[in-house]
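Quick notes on the structure that follows.
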Amino acid sequence: GVAGGFGHGFAHPIGGLDHVLAMIAAGLFAVRLGGRALVLVPLSFIAMIMVGGAVGMAGSGLPLVEIGIGLSVVVLGLCAASGYRMPVSVAMALAGVFALFHGYAHGAEMPESLSGLEYAAGFVLATSVLLAMGIAIGLAPRKLGEAIGASVPRMVGSGIALAGVVILVGNL
């Protein structure tokens with residue numbers, strides 16, 4: 001039913017460490033870029049996760065999904081850790097490409113007995129919550145002062161990237 005489809009969809013991103021880390025890293029990356037990126041990078045991620053979910057639900061193929069997901073954790077973690085300044089459009093495209101892999105995994109793994117619309121609403125909401133958590137992690141330390149506030153996003157991003165290497169190696 002509706003609750004089952006929504007609940008399964010909501011649980012899918014939260015139930016996978018690779019999904020949780022990538023989405024938190026994308027939110028943190030958006031904070032590190034600042035300005036318009038704070039809104040546009042998460043929106044790009046959400047839009048493309050929906051596209052990927054639709055492709056997965058349709059049963060279309062997407063090669064190297066698990067490798068793409070593992071790479072997303074590494075690359076987005078490194079972007080969050082480094083604070084490298086890139087154009088917002090490039091950051092949106094980067095986040096969007098990785099979101100496509102995550103969305104595909106969500107869609108392809110949807111149980112056939114569930115409603116696709118409710119399932120998609122669940123994984124989009126969970127994705128939004130995880131992106132918001134990444135944004136909160138990036139914004140909260142600013143209250144601690146310049147020295148401490150700058151190091152927290154670097155440490156979190158570095159930890160995410162390192163976990164991504166472990167995930168990626170496990171998928172090879």
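Letters for chains follow the order of the structure tokens (A, B, ...), residue numbers begin at 1 for each chain, and ligand numbers begin at 1 in the order shown.
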
Note to self: Excluding Gly122 of chain A and its own-chain neighbours fewer than 6 positions away, which residues fall within 9 Å of it when counting only C-alpha atoms? Please give them as a PyMOL selection string.
What the structure shows: chain A and resi 5-12

Saved selection, atoms kept: N, CA and C atoms, as a PDB file, in the first residue's frame:
```pdb
ATOM      1  N   GLY A   5       4.927   1.347   0.283  1.00  0.00           N
ATOM      2  CA  GLY A   5       5.742   1.875  -0.799  1.00  0.00           C
ATOM      3  C   GLY A   5       6.577   3.052  -0.340  1.00  0.00           C
ATOM      4  N   PHE A   6       5.935   3.983   0.367  1.00  0.00           N
ATOM      5  CA  PHE A   6       6.646   5.150   0.874  1.00  0.00           C
ATOM      6  C   PHE A   6       7.711   4.733   1.882  1.00  0.00           C
ATOM      7  N   GLY A   7       7.340   3.864   2.792  1.00  0.00           N
ATOM      8  CA  GLY A   7       8.277   3.414   3.832  1.00  0.00           C
ATOM      9  C   GLY A   7       9.482   2.695   3.261  1.00  0.00           C
ATOM     10  N   HIS A   8       9.238   1.812   2.290  1.00  0.00           N
ATOM     11  CA  HIS A   8      10.360   1.117   1.642  1.00  0.00           C
ATOM     12  C   HIS A   8      11.257   2.107   0.907  1.00  0.00           C
ATOM     13  N   GLY A   9      10.637   3.051   0.215  1.00  0.00           N
ATOM     14  CA  GLY A   9      11.415   4.051  -0.516  1.00  0.00           C
ATOM     15  C   GLY A   9      12.228   4.927   0.413  1.00  0.00           C
ATOM     16  N   PHE A  10      11.630   5.314   1.539  1.00  0.00           N
ATOM     17  CA  PHE A  10      12.338   6.152   2.511  1.00  0.00           C
ATOM     18  C   PHE A  10      13.490   5.392   3.147  1.00  0.00           C
ATOM     19  N   ALA A  11      13.275   4.118   3.418  1.00  0.00           N
ATOM     20  CA  ALA A  11      14.297   3.315   4.104  1.00  0.00           C
ATOM     21  C   ALA A  11      15.489   2.981   3.207  1.00  0.00           C
ATOM     22  N   HIS A  12      15.269   2.916   1.902  1.00  0.00           N
ATOM     23  CA  HIS A  12      16.348   2.459   1.015  1.00  0.00           C
ATOM     24  C   HIS A  12      17.604   3.333   1.103  1.00  0.00           C
TER      25      HIS A  12
END
```

Checklist line | Selection: 8 Å around Gly116 of chain A, only C-alpha atoms, excl. self and same-chain fewer than 3 positions, as a PyMOL selection string | finding: chain A and resi 5+57+110+119-120

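Atom CA of Leu76 of chain A is positioned 9.6 Å from atom CA of Ala91 of chain A.
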
Checklist line | Of the listed residues A:Val74, A:Ala163, A:Met155, A:Ala126, that which approaches Ile49 of chain A most closely, counting only C-alpha atoms | finding: A:Ala126

Notebook entry, point to check: So which one's closest to Arg36 of chain A, A:Gly96, A:Gly164, A:Pro13, A:Pro87? Using only C-alpha atoms, please.
Noted result: A:Pro87
